[in-house]
Amino acid sequence: MTTPWTYAGAVPSLSRADGEVTMVEGQTFCLSGRAGDFLPDRPHGLFVLDTRVLSRWELRIDGRPLEPLTVTFEAPFEACFVCRSAPTGERADTDLLVLRHRSVGSGMRERVILRSYGLEPRPVVVELRCDADFADLFEVKEARVAPRAPIRCEPGSDHLSFAADGSAKHTEVSVSDAELVERGIVRWRLVLDARDEREICIEVGVGLGGHDLPRRFRCGDGAEASVPRQRLASWRDAMPIVDSDSPALMSAVGRAHDDLGALRIFDPDHPELPVIAAGAPWFMAVFGRDSLITGWMSLLADPNLALGVVETLARFQGKDVNPATEEEPGRILHEMRFGAATGLSLGGGQIYYGTVDATPLFVMLLGELRRWGLADEAVTRLLPHADAALAWIDAFGDRDGDGYVEYERSTPSGLANQGWKDSWDGIGFSDGRIPQAPVALCEVQGYTYAAYLARAHFAREADDAVTEAAYREKARRLKEAFNRDFWLEDRGWFALGLDGSKRPIDALASNMGHCLWTGIVDDDKAAMVAQRLLSREMFSGWGIRTLATSMAAYNPVSYHNGSVWPHDSALCAAGLMRYGHVEEAHRVIEGLLAAAGVTGGRLPELFAGLARDEVSAPAAYPTSCVPQAWAAASPLLLIRAMLRFDPSASEGRLWVAPVLPRSIGRCRIEGIEVAGRRLTVDVRGGACEVSGADGLDVLASPRPPGHGHADPDSRPQAKVADH
């Protein structure tokens, strides 16, 4: 069976909130407790293609659960659960150590090593209790697994098979030298000599859709030659080298590299083009908006991610009008799932298109690839898809012809809110009322403005003066109207959006920081926006809240109404830097790096909006994805913002004007790919040196227009290294 997607595997993670361990690889992810067990009353299990193929997996020694000691992460798809047998009687110690080496990938392999530290031989009874329910991941995640037809359990001479009646789904647990005691229970009776060690190896194979999936790991095989290992090693070797005197920055960047490598998805029809999955464990699928923003953020590290994203999304670009899936000609998808997961997407199909921002973001990212001088042939080939996306903006995005891009779902099962804050209550007025659709979000107008300018740039390259003038005029009109209609003069901030009656949605929210990022904000309003974003009601000390504390709907532990999303704050920081508000950008950057520093270098999808002077560490959001794509890429965007690194390959120019926060004395990035070159940028104190930029005019100033003007004496001057 040729599976539609394979994954590079995600870094296993230990949640601080509940002690659960996540491992991801390929079609597979695994959730367990610290001892390695899948407990029936928890959202645990082994999942393949979003189907839970094992719902119970409990190891017992002499009838008792194991006592967890620690978990070590040997690779993105491998972990070792270090446990001991439970103490008996009044004894505090035991003499039996149990190591569970687990590898996941289209199934699972577990090597159980029993190590005796006793002085005498001892009998040991090892028991494995396992079961399967073949529930889909959303049933498990939302604790709504419904009663279903009994799962058949068929014992063989060396295996247990679980099968779902009426479907082509089965799980096989292969064992050797074991007793098959009863349904779902396997037992080994061993005698360990003094200071002895014994190993039991168990394989789990999976069949879905009538086909057995190839097992990535098998008993008796080494792991070094496995596909997951090879992909991870190749990714790490290709990453730019970052060196800094900031431990927080180094930790965050190192984790970003591993997590992004872990979240790559490979289409077997185009194995050279990775795509980014949204996040583990619940969203190992293609999400248009998440993948596009992550691709943009990670250009500093690997432009192939961005190229893979635009290539893949172009292949699945909307062609027809389908209200059930919200597909429309030229529209870029919101969510795509494959294989046994087909039908889990909103609308009940393989692909759901209900997003308002992915389409302009697609054109933006294509334009950014051109500016970096990357994959020129592929970008040129994809230009018709950009034109189809822009045609969608005119024909479907601008629903009433007022020049703004709005959204309103066409199916009751679709998303009510179709921007990045897509929870049902994520968009609201300052008094908490929910606006009536169609809604025009402020950041979507910014994305559209940037998309128009990207298309004008393409036209300029092609000496197409008519098309260039047309799109520059569209951008000019949109910017003028936006700054008139969205600006709340009496409040000093931009409206979150316009409702169906064109009334400003007056909540103070982080979305306007994205408008700085795209450049749609007039220069005379940028300082007030910066002031609002860094006000105490918006800035928690760790990052920028999604909603101000002064708003009626504010809740620091909500999904979109007061929490902090690292990618959102990183985009705001990039926008602040674009308009020359360096000090404000530095405060956001240092807050995010501080947050990463107390969470092992990894930024979660989101965390609570509690102030830094209230809590000494960011408070976790319970169902936050870890790792999550755009959170993982955020440290890379922070580096680019600090460097003020902006190439324009067609003009032969590179703007580099670093402004490091006080907490960072030096930063060196080696291996940045621009227009066929590998550049090194070395910033130390007041000096910046760029090497490898042969043929590029390196300018020691922020890239105009719209970037603002920092004090020229406050930034290091770029020097092109001699060769």
# chains A, B, ... in the order shown; residues from 1 in each chain; ligands from 1

call {"tool": "select_by_dssp", "arguments": {"residues": "stretch 223-411 of chain A", "states": "helix (DSSP H, G or I)", "output": "PyMOL selection string"}}
result
chain A and resi 227-238+247-262+288-300+303-315+339-341+358-371+376-397

call {"tool": "closest_atom_pairs", "arguments": {"of": "stretch 434-525 of chain A", "to": "stretch 562-576 of chain A", "cutoff": "12 Å", "atoms": "only C-alpha atoms", "output": "tab-separated table"}}
result
residue	atom	partner	partner_atom	distance
A:Glu443	CA	A:Leu571	CA	11.1
A:Gly446	CA	A:Gly575	CA	11.4
A:Ala507	CA	A:Gly562	CA	11.6
A:Leu508	CA	A:Gly562	CA	10.6
A:Ala509	CA	A:Gly562	CA	8.7
A:Ser510	CA	A:Asp568	CA	7.4
A:Asn511	CA	A:Asp568	CA	7.9
A:Met512	CA	A:Cys572	CA	8.1
A:Gly513	CA	A:Cys572	CA	4.4
A:His514	CA	A:Cys572	CA	5.8
A:Cys515	CA	A:Gly575	CA	7.4
A:Leu516	CA	A:Gly575	CA	4.3
A:Trp517	CA	A:Gly575	CA	3.6
A:Thr518	CA	A:Gly575	CA	7.2
A:Gly519	CA	A:Gly575	CA	7.7
A:Ile520	CA	A:Gly575	CA	10.4
A:Val521	CA	A:Gly575	CA	9.9
A:Asp523	CA	A:Leu576	CA	11.5
A:Lys525	CA	A:Leu576	CA	12.0

call {"tool": "atom_distance", "arguments": {"atom1": "atom CA of A:Glu182", "atom2": "atom CA of A:Pro40"}}
result
18.0 Å

call {"tool": "residues_around", "arguments": {"residues": "stretch 641-657 of chain A", "least_positions_apart": "4", "cutoff": "6 Å", "atoms": "only C-alpha atoms", "output": "mmCIF file with N, CA and C atoms, in the first residue's frame"}}
result
data_model
loop_
_atom_site.group_PDB
_atom_site.id
_atom_site.type_symbol
_atom_site.label_atom_id
_atom_site.label_comp_id
_atom_site.auth_asym_id
_atom_site.auth_seq_id
_atom_site.Cartn_x
_atom_site.Cartn_y
_atom_site.Cartn_z
ATOM 1 N N ARG A 371 11.677 37.090 -3.724
ATOM 2 C CA ARG A 371 12.573 38.093 -3.151
ATOM 3 C C ARG A 371 13.855 37.462 -2.638
ATOM 4 N N TRP A 372 13.779 36.230 -2.158
ATOM 5 C CA TRP A 372 14.971 35.528 -1.682
ATOM 6 C C TRP A 372 15.751 34.887 -2.830
ATOM 7 N N GLY A 373 15.191 34.938 -4.050
ATOM 8 C CA GLY A 373 15.868 34.336 -5.194
ATOM 9 C C GLY A 373 15.937 32.828 -5.109
ATOM 10 N N ALA A 574 8.092 41.368 14.579
ATOM 11 C CA ALA A 574 8.597 41.662 13.233
ATOM 12 C C ALA A 574 7.960 42.934 12.688
ATOM 13 N N LEU A 696 25.943 40.700 -4.412
ATOM 14 C CA LEU A 696 24.821 41.402 -3.785
ATOM 15 C C LEU A 696 25.314 42.709 -3.174
ATOM 16 N N ASP A 697 24.541 43.745 -3.322
ATOM 17 C CA ASP A 697 24.824 45.029 -2.698
ATOM 18 C C ASP A 697 24.246 44.997 -1.290
ATOM 19 N N VAL A 698 25.114 44.907 -0.285
ATOM 20 C CA VAL A 698 24.675 44.788 1.107
ATOM 21 C C VAL A 698 24.520 46.180 1.688
ATOM 22 N N LEU A 699 23.302 46.498 2.134
ATOM 23 C CA LEU A 699 22.957 47.828 2.622
ATOM 24 C C LEU A 699 22.737 47.793 4.130
ATOM 25 N N ALA A 700 23.403 48.689 4.836
ATOM 26 C CA ALA A 700 23.315 48.716 6.295
ATOM 27 C C ALA A 700 22.199 49.637 6.757
ATOM 28 N N SER A 701 20.989 49.330 6.305
ATOM 29 C CA SER A 701 19.824 50.112 6.716
ATOM 30 C C SER A 701 18.593 49.243 6.563
ATOM 31 N N PRO A 702 17.517 49.534 7.287
ATOM 32 C CA PRO A 702 16.277 48.769 7.105
ATOM 33 C C PRO A 702 15.753 48.939 5.688
ATOM 34 N N ARG A 703 15.090 47.910 5.191
ATOM 35 C CA ARG A 703 14.587 47.965 3.813
ATOM 36 C C ARG A 703 13.371 48.879 3.711
#

call {"tool": "residues_around", "arguments": {"residues": "stretch 492-503 of chain A", "least_positions_apart": "3", "cutoff": "6 Å", "atoms": "only C-alpha atoms", "output": "PyMOL selection string"}}
result
chain A and resi 435-442+486-489+506-507+529

call {"tool": "closest_residue", "arguments": {"among": "A:Arg668, A:Leu638, A:Ala552, A:Leu547", "to": "A:Gly609", "atoms": "only C-alpha atoms"}}
result
A:Leu547

call {"tool": "residues_around", "arguments": {"residues": "A:Gly63", "least_positions_apart": "2", "cutoff": "9 Å", "atoms": "only C-alpha atoms", "output": "list of chain:residue names"}}
result
A:Leu59, A:Arg60, A:Ile61, A:Pro65, A:Val125, A:Val126, A:Glu127

call {"tool": "write_last_selection", "arguments": {"atoms": "N, CA and C atoms", "output": "CSV table (one decimal), in the first residue's frame"}}
result
chain,number,residue,atom,x,y,z
A,59,LEU,N,1.9,-2.6,31.3
A,59,LEU,CA,2.9,-3.6,31.7
A,59,LEU,C,2.8,-3.8,33.2
A,60,ARG,N,2.8,-5.1,33.6
A,60,ARG,CA,2.8,-5.4,35.0
A,60,ARG,C,3.9,-6.3,35.4
A,61,ILE,N,4.6,-6.1,36.5
A,61,ILE,CA,5.6,-7.0,37.0
A,61,ILE,C,5.1,-7.6,38.3
A,65,PRO,N,1.7,-2.4,38.8
A,65,PRO,CA,2.2,-1.4,37.9
A,65,PRO,C,3.6,-1.0,38.1
A,125,VAL,N,7.2,-12.5,37.0
A,125,VAL,CA,6.1,-12.7,36.1
A,125,VAL,C,5.8,-11.3,35.4
A,126,VAL,N,6.0,-11.3,34.1
A,126,VAL,CA,5.7,-10.1,33.3
A,126,VAL,C,4.4,-10.3,32.5
A,127,GLU,N,3.5,-9.3,32.7
A,127,GLU,CA,2.2,-9.4,32.1
A,127,GLU,C,1.9,-8.1,31.3

call {"tool": "atom_distance", "arguments": {"atom1": "atom CA of A:Val275", "atom2": "atom CA of A:Gly397"}}
result
25.4 Å

call {"tool": "closest_residue", "arguments": {"among": "A:Ser244, A:Thr28, A:Ser634, A:Ser410", "to": "A:Ile589", "atoms": "only C-alpha atoms"}}
result
A:Ser634

call {"tool": "atom_distance", "arguments": {"atom1": "atom CA of A:Thr549", "atom2": "atom CA of A:Glu537"}}
result
4.9 Å

call {"tool": "select_by_dssp", "arguments": {"residues": "stretch 302-526 of chain A", "states": "strand (DSSP E)", "output": "list in words"}}
result
Glu335, Met336, Ile351, Tyr352, Ala440, Leu441, Trp487, Leu488, Trp493, Phe494, Gly497, Leu498, Pro504 and Ile505 of chain A

call {"tool": "write_last_selection", "arguments": {"atoms": "C-alpha atoms", "output": "compact mmCIF listing (two decimals), in the first residue's frame"}}
result
# COMPACT_ATOMS: atom_id res chain seq x y z
CA GLU A 335 -7.31 21.51 6.29
CA MET A 336 -6.46 18.29 4.48
CA ILE A 351 -10.26 18.70 2.21
CA TYR A 352 -11.98 21.65 3.89
CA ALA A 440 -13.65 41.60 7.46
CA LEU A 441 -10.65 41.02 9.75
CA TRP A 487 -8.74 53.17 12.63
CA LEU A 488 -10.54 54.07 15.86
CA TRP A 493 -6.00 51.38 17.86
CA PHE A 494 -7.22 49.53 14.79
CA GLY A 497 -12.57 43.89 12.01
CA LEU A 498 -15.77 45.15 10.44
CA PRO A 504 -15.99 48.45 13.56
CA ILE A 505 -15.42 45.50 15.88
